[in-house]
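Enquirer: The structure is given below, and queries will be raised subsequently.
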Amino acid sequence: MTDYLLIIAAYLMGSVSSAIIVCKLMGLPDPRTQGSNNPGATNVLRIGGKKAAAITLLGDSLKGFIPVLIANLMGVTPLILAAVALAAFLGHLYPLFFGFKGGKGVATALGVQFGLGWQIGAGVGLIWLIMAKVVKISSLSALVSMALAPLVVWLFWPAPELIGVQVVISLILFWRHRSNIRNLISGKEGKINQADSAESDQTG
């Protein structure tokens, strides 16, 4: 029963939309009706500035980190831990409380990875930082880091269940970023600090 409660709680926590709440508290427009209409940190940056975006990014990360960390500290099996991780991630993408319209999931996925282990989160984050410095395109950096995330999980915690759930999360992230991928192919994807294009949402 405890395992099921952890999974349900993870989904419910993931369903709390940081972007919508932050915008409401700060008197900003609903991110679902402005810019790219995506309730994520990049769109909040576009409509509300760096402070609102930073708070949103932190909130999105914590709702992936907290449930996975709690399950991890409770010593659940890798299968249940993987289920909790996926539930938190899907809660962000398809939030129960906000009409199942959520963000793209990069920040929440990174929070999940830190919940599994700081080495995993730091490894994925380091790949993002290196790519961002080299290519200066946030979406490409996120896609590369998440493509390599299963390898990072394998290096630090080679449980098949955890590697498998990271593969699933990475595939979903690629699907959610299909517009970014099209923009990358056509050379239209905005670079870091260029948040004025409604088509170039990169995180959230």
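Numbering starts fresh at 1 for the residues of each chain in the structure tokens, the chains themselves are lettered A, B, ... in the order given, and ligands are numbered from 1 as they appear.
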Which residues, written as a count of residues only, have at least one atom at most 10 Å from Gly115 in chain A, with only C-alpha atoms counted and residues fewer than 5 positions away on the same chain left out?
Expert: 18
Enquirer: What's the 8 Å shell around Gly91 in chain A, counting only C-alpha atoms, without same-chain residues fewer than 3 positions away, as a count of residues only?
Expert: 12
Enquirer: When DSSP is applied to the backbone of this structure, which of range 76-106 of chain A are assigned helix (DSSP H, G or I)? Write them out as a PyMOL selection string.
Expert: chain A and resi 78-93+96-98+106
Enquirer: What gap, in Å, lies between CA of Arg46 in chain A and CA of Leu93 in chain A?
Expert: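 We find that CA of Arg46 in chain A and CA of Leu93 in chain A lie 19.8 Å from each other.
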Enquirer: Write out as a ChimeraX atom specification which residues come within 12 Å of Gly102 in chain A when counting only C-alpha atoms, dropping same-chain ones fewer than 6 positions away.
Expert: /A:14-20,31-32,37-41,60,89-96,108,176,203-204
Enquirer: Go through A:Ile127, A:Ile185, A:Ile172, A:Ile21 one by one, measure the shortest atom-to-atom distance of each to Leu151 in chain A using only C-alpha atoms, and give the residue with the smallest value.
Expert: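 Residue with the minimum atom-to-atom distance to Leu151 in chain A: A:Ile127.
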Enquirer: Excluding Gly123 in chain A and its own-chain neighbours fewer than 5 positions away, which residues fall within 10 Å of it when counting only C-alpha atoms? Please give them as a tab-separated table (two decimals) with N, CA and C atoms, in the first residue's frame.
Expert:
```tsv
chain	number	residue	atom	x	y	z
A	113	GLN	N	16.50	13.06	-11.54
A	113	GLN	CA	17.86	12.50	-11.58
A	113	GLN	C	18.64	12.83	-10.32
A	114	PHE	N	18.48	14.04	-9.81
A	114	PHE	CA	19.14	14.37	-8.54
A	114	PHE	C	18.53	13.56	-7.39
A	117	GLY	N	20.22	10.26	-7.28
A	117	GLY	CA	21.57	10.38	-6.74
A	117	GLY	C	22.22	11.65	-7.24
A	118	TRP	N	22.96	12.32	-6.37
A	118	TRP	CA	23.54	13.61	-6.78
A	118	TRP	C	24.51	13.42	-7.93
A	128	TRP	N	24.79	19.14	-19.87
A	128	TRP	CA	24.02	20.30	-20.35
A	128	TRP	C	24.89	21.55	-20.38
A	129	LEU	N	25.64	21.78	-19.30
A	129	LEU	CA	26.46	22.98	-19.21
A	129	LEU	C	27.53	23.02	-20.29
A	145	SER	N	21.84	16.13	-23.38
A	145	SER	CA	22.03	15.66	-22.00
A	145	SER	C	21.02	14.57	-21.65
A	148	LEU	N	21.88	11.24	-23.29
A	148	LEU	CA	22.97	10.55	-22.61
A	148	LEU	C	22.62	10.17	-21.17
A	149	ALA	N	21.49	10.64	-20.68
A	149	ALA	CA	21.10	10.37	-19.29
A	149	ALA	C	21.03	8.89	-18.95
A	151	LEU	N	22.85	6.54	-20.01
A	151	LEU	CA	24.24	6.12	-19.79
A	151	LEU	C	24.75	6.58	-18.44
A	152	VAL	N	24.39	7.81	-18.04
A	152	VAL	CA	24.81	8.32	-16.74
A	152	VAL	C	24.19	7.48	-15.62
A	153	VAL	N	22.90	7.14	-15.76
A	153	VAL	CA	22.25	6.28	-14.76
A	153	VAL	C	22.97	4.94	-14.69
A	155	LEU	N	26.03	4.25	-15.31
A	155	LEU	CA	27.35	4.39	-14.69
A	155	LEU	C	27.27	4.42	-13.18
A	156	PHE	N	26.24	5.07	-12.63
A	156	PHE	CA	26.17	5.27	-11.18
A	156	PHE	C	25.18	4.37	-10.46
```
